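Asker: I'm passing along my_file10.txt; it holds compact mmCIF, C-alpha atoms and all ligand atoms.
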# COMPACT_ATOMS: atom_id res chain seq x y z
CA MET A 350 72.47 44.82 29.69
CA LYS A 351 69.54 44.37 27.31
CA LYS A 352 68.37 40.87 26.38
CA THR A 353 65.43 39.46 24.43
CA ALA A 354 63.89 36.00 24.52
CA ILE A 355 61.24 34.29 22.41
CA ALA A 356 59.16 31.68 24.21
CA PRO A 357 56.52 29.25 22.93
CA SER A 358 53.30 28.51 24.74
CA ASN A 359 52.71 24.82 25.38
CA ILE A 360 49.75 22.48 25.39
CA ALA A 361 49.49 20.00 28.24
CA PHE A 362 48.39 16.48 27.31
CA ILE A 363 48.35 15.50 31.00
CA LYS A 364 47.62 18.68 32.88
CA TYR A 365 48.82 20.53 35.92
CA TRP A 366 46.05 21.45 38.32
CA GLY A 367 46.41 22.13 42.04
CA LYS A 368 49.45 22.86 44.17
CA LYS A 369 50.96 20.89 47.02
CA ASP A 370 52.97 23.99 47.94
CA GLU A 371 51.29 27.31 47.20
CA VAL A 372 54.34 29.55 47.75
CA LEU A 373 56.86 27.44 45.81
CA ARG A 374 54.22 26.49 43.24
CA LEU A 375 54.91 22.76 43.55
CA PRO A 376 52.19 20.94 41.58
CA GLU A 377 50.00 18.14 42.95
CA ASN A 378 51.08 15.99 40.01
CA GLY A 379 53.55 15.85 37.15
CA SER A 380 52.43 16.89 33.66
CA ILE A 381 53.30 16.27 30.00
CA SER A 382 53.20 18.85 27.22
CA MET A 383 54.37 19.97 23.79
CA CYS A 384 55.85 23.38 22.92
CA LEU A 385 53.84 25.23 20.26
CA SER A 386 55.48 26.82 17.22
CA ASN A 387 53.00 29.63 16.52
CA LEU A 388 51.91 30.85 19.95
CA LEU A 389 54.83 33.03 20.96
CA THR A 390 55.78 35.70 23.47
CA THR A 391 58.78 37.95 22.81
CA THR A 392 60.15 39.89 25.78
CA THR A 393 63.02 42.38 26.10
CA VAL A 394 64.46 43.20 29.53
CA GLU A 395 67.07 45.80 30.39
CA PHE A 396 68.48 46.40 33.87
CA SER A 397 70.04 49.80 34.44
CA ARG A 398 71.30 51.85 37.35
CA ASP A 399 69.87 54.94 35.63
CA LEU A 400 66.28 53.71 35.90
CA LYS A 401 64.37 55.09 38.91
CA LYS A 402 61.67 52.38 38.88
CA ASP A 403 60.65 49.18 37.13
CA SER A 404 58.44 49.59 34.08
CA ILE A 405 56.58 47.08 31.94
CA GLN A 406 54.71 47.70 28.73
CA ILE A 407 52.92 45.50 26.22
CA LYS A 408 53.55 46.03 22.52
CA LYS A 409 50.22 45.69 20.71
CA ASP A 410 49.67 46.66 17.06
CA LYS A 411 53.02 48.51 17.12
CA LYS A 412 51.83 50.66 20.06
CA LEU A 413 52.99 50.44 23.66
CA VAL A 414 50.23 49.85 26.20
CA THR A 415 50.47 49.87 30.00
CA PRO A 416 49.08 46.58 31.32
CA GLU A 417 46.61 46.08 34.19
CA ASP A 418 47.97 46.40 37.76
CA GLU A 419 47.74 42.65 38.42
CA PHE A 420 49.88 41.87 35.35
CA VAL A 421 52.47 44.49 36.39
CA GLU A 422 52.61 43.16 39.98
CA LYS A 423 53.16 39.55 38.86
CA ALA A 424 55.89 40.54 36.38
CA ILE A 425 57.74 42.73 38.90
CA LYS A 426 57.50 39.98 41.52
CA HIS A 427 59.20 37.69 39.00
CA ILE A 428 61.88 40.27 38.25
CA ASP A 429 62.45 40.45 42.05
CA ARG A 430 63.10 36.68 42.05
CA ILE A 431 65.68 37.15 39.30
CA ARG A 432 67.30 40.13 41.08
CA LYS A 433 67.58 37.98 44.21
CA VAL A 434 69.38 35.17 42.35
CA ALA A 435 71.67 37.64 40.53
CA GLN A 436 72.18 39.72 43.69
CA ILE A 437 71.51 42.99 41.92
CA SER A 438 69.24 45.92 42.77
CA ASP A 439 69.06 47.72 39.39
CA ARG A 440 65.58 48.56 38.13
CA ALA A 441 64.29 46.99 34.93
CA LYS A 442 62.61 48.16 31.74
CA ILE A 443 60.47 45.43 30.17
CA VAL A 444 58.58 45.35 26.90
CA THR A 445 56.64 42.26 25.89
CA HIS A 446 54.66 41.17 22.86
CA ASN A 447 52.30 38.23 22.28
CA ASN A 448 51.41 37.06 18.78
CA PHE A 449 48.13 35.58 20.10
CA PRO A 450 45.28 36.61 22.45
CA ALA A 451 45.97 36.23 26.20
CA SER A 452 43.61 34.79 28.86
CA THR A 453 41.61 32.71 26.39
CA GLY A 454 42.95 29.18 27.10
CA LEU A 455 46.14 29.42 25.05
CA SER A 456 48.53 29.60 28.03
CA ALA A 457 49.96 33.08 27.50
CA SER A 458 51.24 32.93 31.07
CA ALA A 459 53.40 29.93 30.11
CA SER A 460 55.12 31.71 27.21
CA GLY A 461 55.05 35.02 29.10
CA PHE A 462 56.90 33.85 32.21
CA ALA A 463 59.27 31.64 30.20
CA ALA A 464 60.28 34.63 28.03
CA LEU A 465 60.58 36.92 31.08
CA THR A 466 62.75 34.32 32.86
CA VAL A 467 65.17 33.77 29.98
CA ALA A 468 65.45 37.47 28.98
CA GLY A 469 65.54 38.63 32.61
CA THR A 470 68.21 36.23 33.84
CA ALA A 471 70.41 36.90 30.79
CA ALA A 472 69.98 40.68 31.20
CA ALA A 473 71.00 40.27 34.86
CA GLY A 474 74.22 38.61 33.67
CA LEU A 475 73.29 35.10 34.84
CA LYS A 476 74.23 32.04 32.83
CA LEU A 477 71.83 29.29 33.90
CA SER A 478 71.05 25.77 32.73
CA ASP A 479 67.62 24.93 31.29
CA GLN A 480 66.87 23.12 34.54
CA GLU A 481 67.66 26.21 36.62
CA LEU A 482 65.65 28.41 34.24
CA SER A 483 62.71 26.02 34.47
CA VAL A 484 62.77 26.21 38.30
CA ILE A 485 62.64 30.02 38.14
CA ALA A 486 59.94 30.11 35.41
CA ARG A 487 57.76 27.72 37.47
CA GLN A 488 57.56 30.24 40.29
CA GLY A 489 56.03 32.84 37.93
CA SER A 490 53.42 30.48 36.47
CA GLY A 491 53.48 26.70 36.82
CA SER A 492 53.03 25.84 33.16
CA ALA A 493 55.84 28.28 32.21
CA CYS A 494 58.44 25.78 33.39
CA ARG A 495 57.38 23.51 30.50
CA SER A 496 58.06 26.23 27.90
CA ILE A 497 61.80 26.33 28.65
CA PRO A 498 62.95 22.95 27.20
CA ASP A 499 62.44 21.80 23.60
CA GLY A 500 59.71 19.70 22.06
CA PHE A 501 57.83 17.15 24.15
CA VAL A 502 58.27 17.90 27.82
CA GLU A 503 57.73 16.41 31.26
CA TRP A 504 57.38 18.53 34.40
CA LEU A 505 58.54 16.48 37.38
CA ASP A 506 56.38 17.47 40.34
CA GLY A 507 59.27 17.27 42.86
CA ASP A 508 59.28 17.75 46.62
CA THR A 509 61.51 20.81 46.74
CA SER A 510 61.91 23.86 44.54
CA GLU A 511 65.10 22.48 42.95
CA THR A 512 63.51 19.13 42.06
CA SER A 513 60.35 20.57 40.47
CA TYR A 514 61.35 21.40 36.90
CA ALA A 515 60.57 20.43 33.32
CA GLN A 516 62.78 18.53 30.93
CA SER A 517 62.59 17.49 27.32
CA ILE A 518 61.58 13.87 26.79
CA TYR A 519 61.66 14.04 22.97
CA PRO A 520 62.93 16.72 20.55
CA PRO A 521 60.38 18.59 18.36
CA LYS A 522 61.02 16.38 15.33
CA TYR A 523 60.33 13.16 17.25
CA TRP A 524 56.63 12.95 16.33
CA ASP A 525 54.75 14.70 13.49
CA LEU A 526 51.87 15.99 15.59
CA VAL A 527 50.05 19.24 14.99
CA ASP A 528 47.98 21.26 17.46
CA VAL A 529 45.33 23.08 15.43
CA VAL A 530 43.83 25.73 17.69
CA ALA A 531 40.25 26.80 16.99
CA ILE A 532 39.67 30.31 18.32
CA VAL A 533 35.97 30.70 19.04
CA SER A 534 36.31 33.88 21.09
CA THR A 535 39.04 36.26 22.18
CA ASP A 536 37.07 37.40 25.25
CA LYS A 537 39.14 37.07 28.40
CA LYS A 538 38.21 34.34 30.87
CA ASP A 539 36.53 35.72 34.00
CA ILE A 540 38.36 33.46 36.47
CA ALA A 541 42.17 33.18 36.24
CA SER A 542 43.77 29.72 36.55
CA SER A 543 45.33 30.56 39.92
CA LEU A 544 41.96 31.53 41.41
CA GLY A 545 40.33 28.52 39.77
CA GLN A 546 42.90 26.21 41.37
CA LYS A 547 42.00 27.54 44.82
CA ARG A 548 38.31 26.91 44.16
CA THR A 549 38.80 23.26 43.20
CA GLY A 550 40.79 22.50 46.36
CA THR A 551 37.70 21.20 48.18
CA ASN A 552 36.13 19.48 45.17
CA PRO A 553 35.07 15.94 46.21
CA PHE A 554 36.33 14.53 42.89
CA PHE A 555 39.80 16.05 43.20
CA PRO A 556 41.21 13.26 45.45
CA VAL A 557 40.04 10.73 42.83
CA ARG A 558 41.92 12.63 40.14
CA LYS A 559 44.99 12.88 42.35
CA SER A 560 45.03 9.14 42.97
CA HIS A 561 45.50 8.22 39.30
CA MET A 562 47.68 11.03 37.94
CA ALA A 563 50.95 9.12 38.27
CA ASP A 564 49.40 6.25 36.25
CA LYS A 565 48.27 8.69 33.57
CA ILE A 566 51.84 10.01 33.23
CA THR A 567 53.20 6.46 32.89
CA GLN A 568 50.54 5.61 30.30
CA ILE A 569 50.97 8.70 28.13
CA LYS A 570 54.75 8.25 28.10
CA LYS A 571 54.25 4.66 26.93
CA PHE A 572 51.88 5.76 24.12
CA MET A 573 54.36 8.49 23.12
CA LYS A 574 57.20 5.99 23.06
CA GLU A 575 55.15 3.64 20.87
CA LYS A 576 53.77 6.58 18.80
CA ASP A 577 50.33 5.03 19.31
CA PHE A 578 48.26 8.02 18.21
CA THR A 579 44.88 6.44 18.97
CA LYS A 580 45.64 5.48 22.56
CA PHE A 581 47.52 8.74 23.06
CA GLY A 582 44.62 10.82 21.72
CA GLU A 583 42.00 8.97 23.73
CA LEU A 584 43.93 9.62 26.93
CA VAL A 585 44.50 13.30 26.05
CA GLU A 586 40.78 13.77 25.49
CA SER A 587 39.62 11.93 28.60
CA GLU A 588 42.17 13.91 30.67
CA ALA A 589 40.74 17.21 29.41
CA LEU A 590 37.18 16.07 30.09
CA GLU A 591 38.08 14.88 33.59
CA LEU A 592 39.60 18.25 34.44
CA HIS A 593 36.60 20.11 33.04
CA ALA A 594 34.31 17.84 35.09
CA ILE A 595 36.17 19.09 38.16
CA PHE A 596 35.91 22.68 36.91
CA LEU A 597 32.15 22.35 36.34
CA THR A 598 31.50 20.77 39.73
CA SER A 599 33.39 23.68 41.30
CA GLY A 600 31.26 26.22 39.45
CA LEU A 601 33.95 27.02 36.89
CA VAL A 602 32.49 27.13 33.39
CA TYR A 603 35.28 27.89 30.94
CA LEU A 604 33.65 26.33 27.87
CA LEU A 605 31.36 28.37 25.61
CA PRO A 606 28.59 26.86 23.46
CA GLU A 607 30.98 27.29 20.51
CA SER A 608 33.72 25.33 22.33
CA LEU A 609 31.29 22.45 22.83
CA ALA A 610 30.22 22.67 19.19
CA VAL A 611 33.87 22.25 18.08
CA ILE A 612 34.29 19.32 20.50
CA LYS A 613 31.19 17.61 19.04
CA GLU A 614 32.52 18.17 15.51
CA VAL A 615 35.89 16.57 16.40
CA GLN A 616 34.05 13.51 17.71
CA LYS A 617 31.92 13.38 14.54
CA TRP A 618 34.96 13.69 12.24
CA ARG A 619 36.59 10.85 14.11
CA VAL A 620 33.63 8.54 13.57
CA ALA A 621 33.82 9.49 9.88
CA GLY A 622 37.50 8.44 9.75
CA LEU A 623 39.30 11.76 10.33
CA GLU A 624 41.27 10.95 13.46
CA SER A 625 41.75 13.90 15.80
CA TYR A 626 41.39 14.57 19.52
CA PHE A 627 40.58 17.73 21.46
CA THR A 628 41.92 19.22 24.63
CA VAL A 629 40.96 22.45 26.39
CA ASN A 630 42.60 24.46 29.17
CA THR A 631 41.10 27.20 31.31
CA GLY A 632 39.48 29.07 28.47
CA GLN A 633 37.09 28.64 25.59
CA ASN A 634 39.46 27.93 22.73
CA VAL A 635 39.88 24.33 21.61
CA HIS A 636 43.17 22.59 20.80
CA ILE A 637 42.78 19.81 18.22
CA ILE A 638 45.61 17.30 18.16
CA VAL A 639 46.13 15.62 14.83
CA GLU A 640 48.84 13.83 12.85
CA LYS A 641 50.55 16.05 10.26
CA LYS A 642 49.05 14.02 7.39
CA ASN A 643 45.54 15.11 8.49
CA GLU A 644 46.30 18.76 9.32
CA LYS A 645 44.94 20.20 6.04
CA ARG A 646 41.72 18.19 6.30
CA ILE A 647 41.09 19.42 9.85
CA ILE A 648 41.71 23.03 8.83
CA ALA A 649 39.33 22.64 5.87
CA GLN A 650 36.64 21.28 8.21
CA LEU A 651 37.18 24.09 10.74
CA LYS A 652 36.89 26.71 8.00
CA LYS A 653 33.35 25.51 7.35
CA LEU A 654 32.31 26.40 10.93
CA SER A 655 31.11 30.01 10.97
CA TYR A 656 31.73 30.35 14.73
CA VAL A 657 35.46 29.55 14.43
CA LYS A 658 37.02 33.01 14.19
CA GLU A 659 40.65 32.06 13.68
CA ILE A 660 42.71 28.91 13.23
CA ILE A 661 46.32 28.69 14.49
CA SER A 662 48.27 25.60 13.49
CA ASN A 663 51.25 24.59 15.63
CA THR A 664 53.96 22.00 15.16
CA PRO A 665 56.11 20.81 18.09
CA SER A 666 58.71 23.52 18.63
CA VAL A 667 61.90 24.36 20.45
CA GLY A 668 61.65 25.92 23.89
CA THR A 669 62.67 29.43 24.92
CA LYS A 670 65.64 30.98 23.13
CA LEU A 671 67.51 34.29 23.24
CA SER A 672 67.11 36.53 20.19
CA ASP A 673 68.82 39.65 18.81
CA SER A 674 65.55 41.30 17.75
CA HIS A 675 64.98 43.63 20.70
CA LEU A 676 61.60 45.29 21.25
CA PHE A 677 63.22 48.62 22.26
O1 LIG B 701 50.28 27.73 34.78
P1 LIG B 701 48.90 28.19 35.03
O2 LIG B 701 48.70 28.72 36.40
O3 LIG B 701 48.41 29.16 33.96
O4 LIG B 701 47.90 26.89 34.95
C1 LIG B 701 47.80 26.10 33.81
C2 LIG B 701 46.68 25.16 33.96
C3 LIG B 701 46.23 24.41 32.70
O5 LIG B 701 46.51 25.14 31.54
C4 LIG B 701 44.73 24.17 32.78
C5 LIG B 701 46.88 23.04 32.63
C6 LIG B 701 48.31 22.98 32.16
O6 LIG B 701 49.01 22.06 32.63
O7 LIG B 701 48.74 23.79 31.32
Please re-express this file's structure in structure tokens.
Ligand code: PMV

Answerer:
Amino acid sequence: MKKTAIAPSNIAFIKYWGKKDEVLRLPENGSISMCLSNLLTTTTVEFSRDLKKDSIQIKKDKKLVTPEDEFVEKAIKHIDRIRKVAQISDRAKIVTHNNFPASTGLSASASGFAALTVAGTAAAGLKLSDQELSVIARQGSGSACRSIPDGFVEWLDGDTSETSYAQSIYPPKYWDLVDVVAIVSTDKKDIASSLGQKRTGTNPFFPVRKSHMADKITQIKKFMKEKDFTKFGELVESEALELHAIFLTSGLVYLLPESLAVIKEVQKWRVAGLESYFTVNTGQNVHIIVEKKNEKRIIAQLKKLSYVKEIISNTPSVGTKLSDSHLF
């Protein structure tokens, strides 16, 4: 059976960093995110008895490219998880397409593993709930579990595989927020998130972070409930800076001079009355969170910055869905 899924990336307001169980990928803390309407991965999976081996290709500019070995290994490992649940042994053909650059801080692994999970399980004949899909997606890449449900999402850290999943806390239309992404470079990061997480394990500041993560989750949920954009934004920004402080003190420099320049601009605009807040993941590209009414003004400001190469505006979106537009 051939199935296709379209998955959004997501931006974490309170972020996942560090694992309490490496194999099951149970996070040290819960996290809160929003699915992004214009950062999408489309993946088609077909299982067939006629296939001699698994194959995976990336569709780029209408051409099919064979990905790096590491990418292939991770994807096949995930397909093995799905085969185990479905109790099948057929080999798979996979084609995947991203509408945005990978490995640059835009969480392509979140949309990638969410799309692979939904297309793969459906192609294997499984009919699973969003909760079950989220549990499977999490094992491919932690943040992928948050791309399964719709809108504004909470990943419950959990103590077992079955209790560590993401669920929608508000639908996409709940709050008119926009994530305007400023692309300052499409160069790939040199240290993947998974390797970075290992490096920060012994960071002396990490226990401090750990000790207040549950409070941060409670606080952000309160600000979301009250739609208090100022308090929400301030917490989003300080959370990103705290995580980057841990990165920096572990020798992980993800920010480029241009990323810092965008961050300084956001702070300047805010003083001048244009309210917006930044957040950054493991990469150089900056997410600017703004209310819909200010989206156009932010874009106009970003267009004036010569070092911003591309601007991708995202509204809160639905999670991962099946589609009839197959890639092969
Ligand atoms: O899911 P991973 O292994 O790509 O890690 C994601 C880590 C951050 O993007 C920095 C934070 C997050 O919660 O998305």

Asker: Rank A:Ala463, A:Ile637, A:Val667, A:Ile648 by their smallest atom-to-atom distance to A:Ser517, using all atoms listed in the file, and report the top residue only.

Answerer: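 So, comparing all the options, the nearest one is A:Val667.
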
Asker: Do you have the atom CA of A:Glu377-atom CA of A:Asp506 distance handy?

Answerer: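 It comes out at 6.9 Å.
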
Asker: Given the choices A:Lys641, A:Arg487, A:Lys559, A:Arg398, which gets closest to ligand LIG 701 (chain B) if the distance is worked out from only C-alpha atoms and all ligand atoms?

Answerer: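 Smallest distance to ligand LIG 701 (chain B) is found for A:Arg487.
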
Asker: Show me, as CSV, the residues of chain A having an atom within 7 Å of ligand LIG 701 (chain B), each with the closest atom pair and its distance in Å, using all atoms listed in the file.

Answerer:
residue,atom,partner,partner_atom,distance
A:Ile360,CA,B:LIG701,O7,6.2
A:Ala361,CA,B:LIG701,O6,4.9
A:Ile363,CA,B:LIG701,O6,6.8
A:Lys364,CA,B:LIG701,O6,3.7
A:Tyr365,CA,B:LIG701,O6,3.6
A:Trp366,CA,B:LIG701,C2,5.8
A:Ser380,CA,B:LIG701,O6,6.3
A:Gly454,CA,B:LIG701,O5,7.0
A:Ser456,CA,B:LIG701,O3,5.9
A:Ser458,CA,B:LIG701,O3,5.5
A:Ala459,CA,B:LIG701,O1,6.0
A:Ser490,CA,B:LIG701,O1,4.5
A:Gly491,CA,B:LIG701,O1,3.9
A:Ser492,CA,B:LIG701,O1,3.7
A:Ala493,CA,B:LIG701,O1,6.1
A:Ser542,CA,B:LIG701,O2,5.0
A:Ser543,CA,B:LIG701,O2,5.2
A:Asn630,CA,B:LIG701,C4,4.2
A:Thr631,CA,B:LIG701,C4,5.0

Asker: At what distance in Å, to one decimal, does atom CA of A:Gly507 lie from atom CA of A:Thr392?

Answerer: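 Taking atom CA of A:Thr392 and atom CA of A:Gly507, their separation equals 28.4 Å.
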
Asker: In Å, rounded to a single decimal, give me how far atom CA of A:Asp525 is from atom CA of A:Gln480.

Answerer: 25.7 Å

Asker: Calculated over all atoms listed in the file, which of the candidates A:Ile595, A:Val611, A:Ile532, A:Ala354 has the smallest distance to A:Thr551?

Answerer: A:Ile595

Asker: Need to verify the contact set: A:Asp564, 12 Å, all atoms listed in the file, exclusion of same-chain residues closer than 5 positions in sequence. Can you return it as a ChimeraX atom specification?

Answerer: /A:363,378-380,558-559,569-571,584,588

Asker: Nearest to A:Ser358 among A:Leu505, A:Leu385, A:Leu413, A:Val527, with distances taken over all atoms listed in the file: which residue is it?

Answerer: A:Leu385

Asker: Report as a ChimeraX atom specification all protein, DNA and RNA residues lying within 8 Å of A:Asn663, evaluated on all atoms listed in the file, omitting residues in the same chain fewer than 5 positions from it.

Answerer: /A:385-388,527-530

Asker: Write out as a list of chain:residue names the residues lying within 12 Å of A:Leu671, counting all atoms listed in the file and excluding same-chain residues fewer than 6 positions away.

Answerer: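 The residues that qualify are A:Lys351, A:Lys352, A:Thr353, A:Ala354, A:Ile355, A:Ala356, A:Thr390, A:Thr391, A:Thr392, A:Thr393, A:Val394, A:Ala463, A:Ala464, A:Leu465, A:Thr466, A:Val467, A:Ala468, A:Gly469, A:Thr470, A:Ala471, A:Ala472, A:Lys476, A:Ile497.
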
Asker: Give me, as a list of chain:residue names, all polymer residues having an atom no more than 6 Å from stretch 432-439 of chain A, counting all atoms listed in the file and skipping those fewer than 2 positions away in the same chain.

Answerer: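 Final neighbour list, sorted by chain and number: A:Phe396, A:Ser397, A:Arg398, A:Asp429, A:Arg430.
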
Asker: I'd like to know which of A:Leu609, A:Leu477, A:Leu601, A:Ala424 is closest to A:Ser404, using all atoms listed in the file.

Answerer: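 Of A:Leu609, A:Leu477, A:Leu601, A:Ala424, the one nearest A:Ser404, counting all atoms listed in the file, is A:Ala424.
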
Asker: With distances taken over all atoms listed in the file, which residue among A:Pro450, A:Gly474, A:Gly367, A:Pro357 lies nearest A:Gln546?

Answerer: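 Once distances to A:Gln546 are computed over all atoms listed in the file, the minimum belongs to A:Gly367.
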
Asker: With a distance cut-off of 9 Å and only C-alpha atoms, select the neighbouring residues of A:Thr598, excluding the residue or stretch itself and same-chain residues fewer than 5 positions from it, and output the selection as a list in words.

Answerer: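 The residues that qualify are Thr549, Asn552, Pro553, Phe554 and His593 of chain A.
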
Asker: Save the residues we just selected, C-alpha atoms, as a PDB file, keeping the file's coordinate frame?

Answerer:
ATOM      1  CA  THR A 549      38.800  23.260  43.200  1.00  0.00           C
ATOM      2  CA  ASN A 552      36.130  19.480  45.170  1.00  0.00           C
ATOM      3  CA  PRO A 553      35.070  15.940  46.210  1.00  0.00           C
ATOM      4  CA  PHE A 554      36.330  14.530  42.890  1.00  0.00           C
ATOM      5  CA  HIS A 593      36.600  20.110  33.040  1.00  0.00           C
TER       6      HIS A 593
END
